[in-house]
$ cat start19.pdb   # PDB, C-alpha atoms
ATOM      1  CA  GLU L 133      -5.694  31.398 106.282
ATOM      2  CA  VAL L 134      -3.601  30.789 103.151
ATOM      3  CA  ALA L 135      -4.840  31.388  99.637
ATOM      4  CA  VAL L 136      -3.567  28.973  96.987
ATOM      5  CA  LEU L 137      -1.607  30.544  94.141
ATOM      6  CA  GLY L 138      -3.475  29.745  90.934
ATOM      7  CA  ASP L 139      -3.807  32.391  88.252
ATOM      8  CA  ALA L 140      -1.298  34.936  89.588
ATOM      9  CA  SER L 141      -2.797  37.722  87.463
ATOM     10  CA  ALA L 142      -6.096  37.360  89.356
ATOM     11  CA  ILE L 143      -4.506  38.437  92.639
ATOM     12  CA  THR L 144      -4.917  42.197  93.007
ATOM     13  CA  VAL L 145      -2.807  44.643  94.966
ATOM     14  CA  GLY L 146      -5.943  45.266  97.029
ATOM     15  CA  LYS L 147      -5.996  41.591  98.039
ATOM     16  CA  LEU L 148      -2.343  41.816  99.146
ATOM     17  CA  CYS L 149      -3.138  45.006 101.091
ATOM     18  CA  ASP L 150      -6.017  43.331 102.921
ATOM     19  CA  GLU L 151      -3.913  40.282 103.800
ATOM     20  CA  PHE L 152      -1.016  42.364 105.105
ATOM     21  CA  GLU L 153      -3.224  44.750 107.095
ATOM     22  CA  ARG L 154      -4.869  41.751 108.741
ATOM     23  CA  TYR L 155      -1.428  40.439 109.705
ATOM     24  CA  VAL L 156      -0.282  43.818 111.086
ATOM     25  CA  LYS L 157      -3.358  44.131 113.302
ATOM     26  CA  ALA L 158      -2.996  40.556 114.548
ATOM     27  CA  HIS L 159       0.673  41.060 115.524
ATOM     28  CA  PRO L 160       0.974  44.231 117.656
ATOM     29  CA  GLU L 161       4.190  42.935 119.227
ATOM     30  CA  GLU L 162       5.847  42.910 115.798
ATOM     31  CA  TYR L 163       4.122  46.083 114.551
ATOM     32  CA  ARG L 164       4.053  48.322 117.592
ATOM     33  CA  ASP L 165       2.824  51.263 115.503
ATOM     34  CA  GLN L 166      -0.802  50.295 114.812
ATOM     35  CA  LEU L 167      -1.732  53.684 113.357
ATOM     36  CA  ASN L 168       0.620  54.563 110.495
ATOM     37  CA  PRO L 169       1.088  51.207 108.698
ATOM     38  CA  PRO L 170      -2.692  50.766 108.157
ATOM     39  CA  LYS L 171      -2.858  54.362 106.879
ATOM     40  CA  ARG L 172      -0.111  53.700 104.354
ATOM     41  CA  ILE L 173      -1.664  50.370 103.352
ATOM     42  CA  SER L 174      -4.992  52.119 102.761
ATOM     43  CA  GLU L 175      -3.321  54.760 100.611
ATOM     44  CA  ILE L 176      -1.580  52.129  98.486
ATOM     45  CA  LYS L 177      -4.828  50.199  98.113
ATOM     46  CA  LYS L 178      -6.652  53.343  97.001
ATOM     47  CA  ALA L 179      -4.057  54.015  94.299
ATOM     48  CA  PHE L 180      -3.430  50.454  93.045
ATOM     49  CA  GLY L 181      -6.096  48.243  94.643
ATOM     50  CA  ASP L 182      -7.702  46.992  91.429
ATOM     51  CA  ARG L 183      -4.392  46.329  89.658
ATOM     52  CA  SER L 184      -2.972  42.852  89.116
ATOM     53  CA  ALA L 185      -0.200  42.421  91.680
ATOM     54  CA  ALA L 186       1.835  40.269  89.290
ATOM     55  CA  LYS L 187       1.755  42.896  86.548
ATOM     56  CA  LEU L 188       2.545  46.015  88.575
ATOM     57  CA  LYS L 189       5.857  47.579  87.535
ATOM     58  CA  SER L 190       8.540  49.194  89.656
ATOM     59  CA  SER L 191       8.464  52.249  87.396
ATOM     60  CA  GLU L 192       4.776  52.792  88.188
ATOM     61  CA  ILE L 193       5.406  52.682  91.921
ATOM     62  CA  GLU L 194       8.341  55.064  91.625
ATOM     63  CA  ALA L 195       6.290  57.518  89.517
ATOM     64  CA  TRP L 196       3.450  57.414  92.065
ATOM     65  CA  LEU L 197       5.858  58.122  94.924
ATOM     66  CA  ASP L 198       7.263  61.065  92.942
ATOM     67  CA  ASP L 199       3.750  62.428  92.456
ATOM     68  CA  ILE L 200       2.632  62.236  96.085
ATOM     69  CA  GLN L 201       5.921  63.714  97.275
ATOM     70  CA  LYS L 202       5.476  66.745  95.008
ATOM     71  CA  GLU L 203       1.750  67.146  95.658
ATOM     72  CA  ARG L 204       2.066  67.107  99.448
ATOM     73  CA  SER L 205       5.639  68.321  99.907
ATOM     74  CA  LEU L 206       6.482  65.147 101.802
ATOM     75  CA  ALA L 207       9.948  64.533 103.218
ATOM     76  CA  SER L 208      12.081  61.883 101.559
ATOM     77  CA  ALA L 209      12.086  59.910 104.815
ATOM     78  CA  THR L 210       8.272  59.740 104.668
ATOM     79  CA  ILE L 211       8.363  58.541 101.067
ATOM     80  CA  ASN L 212      10.847  55.844 102.084
ATOM     81  CA  LYS L 213       8.365  54.631 104.714
ATOM     82  CA  VAL L 214       5.588  54.392 102.124
ATOM     83  CA  ARG L 215       7.927  52.537  99.785
ATOM     84  CA  GLY L 216       8.890  50.222 102.658
ATOM     85  CA  THR L 217       5.242  49.435 103.392
ATOM     86  CA  PHE L 218       4.669  48.746  99.687
ATOM     87  CA  SER L 219       7.536  46.259  99.728
ATOM     88  CA  MET L 220       6.295  44.568 102.910
ATOM     89  CA  ILE L 221       2.853  44.121 101.340
ATOM     90  CA  PHE L 222       4.427  42.109  98.517
ATOM     91  CA  LYS L 223       6.797  40.233 100.841
ATOM     92  CA  HIS L 224       3.836  39.111 102.897
ATOM     93  CA  GLY L 225       2.025  38.106  99.715
ATOM     94  CA  ARG L 226       4.996  35.929  98.758
ATOM     95  CA  ARG L 227       4.978  34.254 102.168
ATOM     96  CA  LYS L 228       1.296  33.481 101.677
ATOM     97  CA  ASP L 229       1.883  32.126  98.142
ATOM     98  CA  LEU L 230      -0.317  34.842  96.663
ATOM     99  CA  VAL L 231       2.365  36.346  94.427
ATOM    100  CA  ASP L 232       5.960  35.600  93.480
ATOM    101  CA  VAL L 233       7.203  39.106  92.660
ATOM    102  CA  ASN L 234       8.017  42.270  94.605
ATOM    103  CA  PRO L 235       8.280  45.277  92.271
ATOM    104  CA  ALA L 236       8.588  47.678  95.218
ATOM    105  CA  ALA L 237      11.926  46.116  96.174
ATOM    106  CA  ASP L 238      13.489  47.562  93.017
ATOM    107  CA  VAL L 239      12.318  51.117  93.743
ATOM    108  CA  PRO L 240      15.343  53.075  95.015
ATOM    109  CA  LEU L 241      15.264  54.723  98.425
ATOM    110  CA  ARG L 242      15.253  58.525  98.536
ATOM    111  CA  ASP L 243      18.328  60.349  99.769
ATOM    112  CA  VAL L 244      17.587  61.683 103.245
ATOM    113  CA  GLY L 245      20.979  63.344 103.723
ATOM    114  CA  HIS L 246      23.477  62.611 106.440
ATOM    115  CA  GLY L 247      22.578  63.105 110.065
ATOM    116  CA  VAL L 248      24.772  65.092 112.406
ATOM    117  CA  GLU L 249      25.878  63.546 115.674
ATOM    118  CA  ARG L 250      24.767  66.006 118.305
ATOM    119  CA  PHE L 251      25.386  65.960 122.052
ATOM    120  CA  LEU L 252      23.846  68.111 124.757
ATOM    121  CA  THR L 253      26.304  70.494 126.336
ATOM    122  CA  ALA L 254      26.463  70.655 130.125
ATOM    123  CA  GLU L 255      24.741  74.046 130.021
ATOM    124  CA  GLU L 256      21.954  72.736 127.754
ATOM    125  CA  GLU L 257      21.382  69.761 130.035
ATOM    126  CA  LYS L 258      21.121  72.130 133.003
ATOM    127  CA  ARG L 259      18.524  74.290 131.201
ATOM    128  CA  LEU L 260      16.545  71.237 130.143
ATOM    129  CA  ARG L 261      16.437  69.847 133.670
ATOM    130  CA  LYS L 262      15.173  73.216 134.923
ATOM    131  CA  VAL L 263      12.347  73.128 132.376
ATOM    132  CA  LEU L 264      11.324  69.590 133.346
ATOM    133  CA  GLN L 265      11.474  70.422 137.061
ATOM    134  CA  ARG L 266       9.397  73.552 136.454
ATOM    135  CA  HIS L 267       6.717  71.375 134.840
ATOM    136  CA  ILE L 268       6.694  69.163 137.946
ATOM    137  CA  ASN L 269       6.404  72.149 140.297
ATOM    138  CA  ALA L 270       3.495  73.550 138.268
ATOM    139  CA  HIS L 271       1.221  70.694 139.395
ATOM    140  CA  ASP L 272       0.004  70.595 142.980
ATOM    141  CA  PRO L 273       0.422  67.057 144.400
ATOM    142  CA  VAL L 274      -3.002  67.257 146.089
ATOM    143  CA  LYS L 275      -5.058  69.010 143.386
ATOM    144  CA  HIS L 276      -3.431  67.433 140.334
ATOM    145  CA  PRO L 277      -1.607  64.262 141.449
ATOM    146  CA  GLU L 278      -1.831  62.479 138.072
ATOM    147  CA  LEU L 279      -0.486  65.461 136.110
ATOM    148  CA  ARG L 280       2.369  65.783 138.593
ATOM    149  CA  LYS L 281       3.158  62.074 138.221
ATOM    150  CA  GLN L 282       3.278  62.458 134.439
ATOM    151  CA  ALA L 283       5.652  65.413 134.756
ATOM    152  CA  ILE L 284       7.908  63.415 137.089
ATOM    153  CA  HIS L 285       7.742  60.540 134.612
ATOM    154  CA  ARG L 286       9.172  62.800 131.897
ATOM    155  CA  LEU L 287      12.158  63.777 133.989
ATOM    156  CA  LEU L 288      12.820  60.098 134.727
ATOM    157  CA  GLU L 289      12.487  59.236 131.015
ATOM    158  CA  PHE L 290      15.154  61.838 130.309
ATOM    159  CA  GLU L 291      17.394  60.494 133.068
ATOM    160  CA  VAL L 292      17.236  56.936 131.760
ATOM    161  CA  SER L 293      17.722  57.913 128.116
ATOM    162  CA  LEU L 294      20.720  60.090 128.926
ATOM    163  CA  LYS L 295      22.549  57.536 131.065
ATOM    164  CA  SER L 296      21.614  54.104 129.724
ATOM    165  CA  GLY L 297      22.803  54.166 126.105
ATOM    166  CA  MET L 298      19.474  52.789 124.853
ATOM    167  CA  ARG L 299      17.879  53.769 121.568
ATOM    168  CA  ARG L 300      14.432  55.317 121.863
ATOM    169  CA  SER L 301      12.646  52.207 120.588
ATOM    170  CA  GLU L 302      14.621  50.040 123.011
ATOM    171  CA  GLN L 303      13.738  52.276 125.929
ATOM    172  CA  TYR L 304      10.003  52.474 125.240
ATOM    173  CA  ASN L 305       9.689  48.721 124.694
ATOM    174  CA  LEU L 306      11.509  47.877 127.921
ATOM    175  CA  ARG L 307       9.576  45.587 130.278
ATOM    176  CA  TRP L 308      10.028  45.110 134.018
ATOM    177  CA  GLY L 309      10.738  41.412 133.568
ATOM    178  CA  ASP L 310      13.833  42.285 131.532
ATOM    179  CA  ILE L 311      15.388  44.429 134.275
ATOM    180  CA  ASP L 312      17.804  42.676 136.629
ATOM    181  CA  PHE L 313      18.719  45.083 139.439
ATOM    182  CA  GLU L 314      20.956  42.499 141.106
ATOM    183  CA  ARG L 315      23.110  41.898 138.006
ATOM    184  CA  ARG L 316      22.605  45.549 136.961
ATOM    185  CA  ILE L 317      21.593  44.825 133.378
ATOM    186  CA  MET L 318      18.558  45.415 131.165
ATOM    187  CA  ARG L 319      17.777  42.805 128.514
ATOM    188  CA  LEU L 320      16.786  44.624 125.323
ATOM    189  CA  ARG L 321      14.728  42.333 123.115
ATOM    190  CA  LYS L 322      13.488  44.881 120.542
ATOM    191  CA  THR L 323      16.656  46.250 118.948
ATOM    192  CA  LYS L 324      17.344  47.904 115.609
ATOM    193  CA  ASN L 325      19.173  44.919 114.119
ATOM    194  CA  GLY L 326      16.723  42.402 115.597
ATOM    195  CA  LYS L 327      19.247  40.783 117.934
ATOM    196  CA  PRO L 328      18.829  41.060 121.730
ATOM    197  CA  ARG L 329      21.509  42.843 123.723
ATOM    198  CA  ASN L 330      22.137  44.026 127.271
ATOM    199  CA  ALA L 331      22.325  47.598 128.563
ATOM    200  CA  PHE L 332      24.045  48.290 131.874
ATOM    201  CA  ILE L 333      22.349  49.921 134.843
ATOM    202  CA  ILE L 334      24.460  52.582 136.559
ATOM    203  CA  ASP L 335      23.418  54.063 139.902
ATOM    204  CA  ASP L 336      21.480  57.016 138.459
ATOM    205  CA  VAL L 337      19.531  54.740 136.119
ATOM    206  CA  ALA L 338      18.739  52.302 138.944
ATOM    207  CA  THR L 339      17.398  55.190 141.045
ATOM    208  CA  ALA L 340      15.266  56.475 138.160
ATOM    209  CA  LEU L 341      13.852  53.028 137.416
ATOM    210  CA  LYS L 342      12.892  52.463 141.037
ATOM    211  CA  GLN L 343      11.193  55.870 141.131
ATOM    212  CA  LEU L 344       9.243  54.847 138.013
ATOM    213  CA  GLN L 345       8.065  51.741 139.862
ATOM    214  CA  GLU L 346       6.836  53.916 142.725
ATOM    215  CA  LEU L 347       4.890  56.165 140.324
ATOM    216  CA  ASP L 348       2.906  53.122 139.203
ATOM    217  CA  LEU L 349       1.597  54.738 136.005
ATOM    218  CA  GLU L 350       0.069  52.631 133.228
ATOM    219  CA  ARG L 351      -0.314  53.200 129.505
ATOM    220  CA  ARG L 352      -3.856  54.310 128.802
ATOM    221  CA  ASP L 353      -6.145  53.392 125.928
ATOM    222  CA  ARG L 354      -6.169  56.012 123.183
ATOM    223  CA  SER L 355      -9.885  55.472 122.614
ATOM    224  CA  SER L 356     -12.510  52.728 122.756
ATOM    225  CA  SER L 357     -11.970  52.067 119.051
ATOM    226  CA  GLN L 358      -8.169  52.051 119.388
ATOM    227  CA  PRO L 359      -7.308  50.057 122.522
ATOM    228  CA  ASN L 360      -3.725  50.189 123.736
ATOM    229  CA  LYS L 361      -2.207  46.779 123.025
ATOM    230  CA  SER L 362       1.052  47.422 124.894
ATOM    231  CA  PRO L 363       2.093  44.687 127.341
ATOM    232  CA  SER L 364       0.922  45.352 130.892
ATOM    233  CA  ASP L 365       4.473  45.273 132.279
ATOM    234  CA  VAL L 366       6.080  47.976 130.109
ATOM    235  CA  VAL L 367       8.396  50.223 132.137
ATOM    236  CA  PHE L 368       7.383  53.556 130.626
ATOM    237  CA  ALA L 369       3.773  54.697 130.835
ATOM    238  CA  LYS L 370       4.030  56.600 127.549
ATOM    239  CA  ALA L 371       4.749  54.974 124.196
ATOM    240  CA  ASP L 372       7.253  57.623 123.091
ATOM    241  CA  ASN L 373       8.507  61.111 123.893
ATOM    242  CA  LYS L 374       8.009  63.048 120.649
ATOM    243  CA  LYS L 375       5.594  65.793 121.738
ATOM    244  CA  TRP L 376       6.791  66.663 125.234
ATOM    245  CA  TRP L 377      10.452  66.282 124.297
ATOM    246  CA  GLN L 378      10.297  68.794 121.440
ATOM    247  CA  ALA L 379       8.277  71.197 123.595
ATOM    248  CA  ALA L 380      10.861  70.938 126.376
ATOM    249  CA  LEU L 381      13.726  71.546 123.927
ATOM    250  CA  ASP L 382      11.971  74.613 122.568
ATOM    251  CA  GLU L 383      11.344  75.948 126.063
ATOM    252  CA  ALA L 384      14.983  75.379 127.003
ATOM    253  CA  LYS L 385      16.025  77.115 123.741
ATOM    254  CA  ILE L 386      17.945  74.083 122.489
ATOM    255  CA  LYS L 387      18.168  73.831 118.696
ATOM    256  CA  ASN L 388      19.308  71.229 116.163
TER
END
$ encode --input "start19.pdb" --output "structure tokens"
Amino acid sequence: EVAVLGDASAITVGKLCDEFERYVKAHPEEYRDQLNPPKRISEIKKAFGDRSAAKLKSSEIEAWLDDIQKERSLASATINKVRGTFSMIFKHGRRKDLVDVNPAADVPLRDVGHGVERFLTAEEEKRLRKVLQRHINAHDPVKHPELRKQAIHRLLEFEVSLKSGMRRSEQYNLRWGDIDFERRIMRLRKTKNGKPRNAFIIDDVATALKQLQELDLERRDRSSSQPNKSPSDVVFAKADNKKWWQAALDEAKIKN
């Protein structure tokens, strides 16, 4: 559905928000995170929904971002995500011929500092493996088979991430159809720069992947109102590793 651009001043930011949210929900392959973008869109609509999209100024957006960062003590990286969503709302509006400006594009990104390249030491890896194995041993295979499978899954996630060279997003979007055990490569279609690439499968990774196949776990629906739209052939049964990974690092006393 495409709206025809007539009086540009009549198109509100709220209209752009609605159009972009509809697109996000209709394209889960492109927007794998179906929770946070709609939240940010809703927040932007609440603040600017009745404003003319064509007349909104970059300075107003920047001032609003300053305010919410101070009020909620938000990290600069979070503010950059909100700013990015704001810009995508207008970009989508331009594609739909609803507006021909994008004031959010001129709002500068916040400085998030410089990351530190950090590798696990051999001793840290040993401690971490002990923690993950302890979690497996804590679940009886007869009484709690599913919990034990999930614990095994985590150890295999770690094994693949450590020895494949994949980014997190690449790993958790990997599908069985993109794994070629004979040629020993994994075709990564969802990469950071948008271009597909191959990752190589060494022996340890091949073993871990085959053990994942034997586990036969599937991604579950979060709730009836939020069905899981992941493809049925994703390799990893969990969408990411944030919660269990940080807990395991804490338990293994690994910092930074």
$ atom_distance --input "start19.pdb" --atom1 "CA of Pro363 (chain L)" --atom2 "CA of Leu306 (chain L)"
10.0 Å
$ closest_residue --input "start19.pdb" --among "L:Asp312, L:Glu175, L:Asp272, L:Asp382" --to "Trp196 (chain L)" --atoms "only C-alpha atoms"
L:Glu175
$ resolve_selection --input "start19.pdb" --expression "the PyMOL selection byres ((chain L and resi 373-377) around 9)" --output "list of chain:residue names"
L:Arg286, L:Glu289, L:Phe290, L:Arg300, L:Tyr304, L:Lys370, L:Ala371, L:Asp372, L:Gln378, L:Ala379, L:Ala380, L:Leu381, L:Asp382
$ atom_distance --input "start19.pdb" --atom1 "CA of Leu341 (chain L)" --atom2 "CA of Asp365 (chain L)"
13.2 Å
$ closest_residue --input "start19.pdb" --among "L:Leu230, L:Leu197, L:Ala236, L:Val367" --to "Gly309 (chain L)" --atoms "all atoms listed in the file"
L:Val367
$ decode --input "start19.pdb" --residues "region 251-286 of chain L" --atoms "C-alpha atoms" --output "mmCIF file, in the first residue's frame"
data_model
loop_
_atom_site.group_PDB
_atom_site.id
_atom_site.type_symbol
_atom_site.label_atom_id
_atom_site.label_comp_id
_atom_site.auth_asym_id
_atom_site.auth_seq_id
_atom_site.Cartn_x
_atom_site.Cartn_y
_atom_site.Cartn_z
ATOM 1 C CA PHE L 251 40.606 -12.804 24.421
ATOM 2 C CA LEU L 252 39.950 -15.613 26.869
ATOM 3 C CA THR L 253 43.093 -16.959 28.459
ATOM 4 C CA ALA L 254 43.607 -20.720 28.509
ATOM 5 C CA GLU L 255 42.883 -20.736 32.244
ATOM 6 C CA GLU L 256 39.663 -18.725 31.788
ATOM 7 C CA GLU L 257 38.488 -21.069 29.049
ATOM 8 C CA LYS L 258 39.138 -24.030 31.351
ATOM 9 C CA ARG L 259 37.095 -22.438 34.170
ATOM 10 C CA LEU L 260 34.271 -21.576 31.797
ATOM 11 C CA ARG L 261 34.080 -25.110 30.434
ATOM 12 C CA LYS L 262 33.903 -26.440 34.000
ATOM 13 C CA VAL L 263 30.958 -24.143 34.733
ATOM 14 C CA LEU L 264 29.085 -25.223 31.598
ATOM 15 C CA GLN L 265 29.769 -28.906 32.298
ATOM 16 C CA ARG L 266 28.592 -28.453 35.887
ATOM 17 C CA HIS L 267 25.291 -27.090 34.558
ATOM 18 C CA ILE L 268 24.919 -30.204 32.388
ATOM 19 C CA ASN L 269 25.661 -32.548 35.300
ATOM 20 C CA ALA L 270 23.092 -30.762 37.480
ATOM 21 C CA HIS L 271 20.221 -32.100 35.343
ATOM 22 C CA ASP L 272 19.330 -35.777 35.525
ATOM 23 C CA PRO L 273 18.874 -37.183 31.986
ATOM 24 C CA VAL L 274 15.791 -39.155 33.093
ATOM 25 C CA LYS L 275 14.078 -36.624 35.387
ATOM 26 C CA HIS L 276 14.947 -33.456 33.473
ATOM 27 C CA PRO L 277 15.913 -34.437 29.905
ATOM 28 C CA GLU L 278 14.925 -31.105 28.307
ATOM 29 C CA LEU L 279 16.869 -29.013 30.834
ATOM 30 C CA ARG L 280 19.900 -31.241 30.319
ATOM 31 C CA LYS L 281 19.604 -30.833 26.542
ATOM 32 C CA GLN L 282 19.507 -27.052 26.939
ATOM 33 C CA ALA L 283 22.621 -27.143 29.121
ATOM 34 C CA ILE L 284 24.427 -29.292 26.543
ATOM 35 C CA HIS L 285 23.268 -26.859 23.864
ATOM 36 C CA ARG L 286 25.033 -24.016 25.687
#
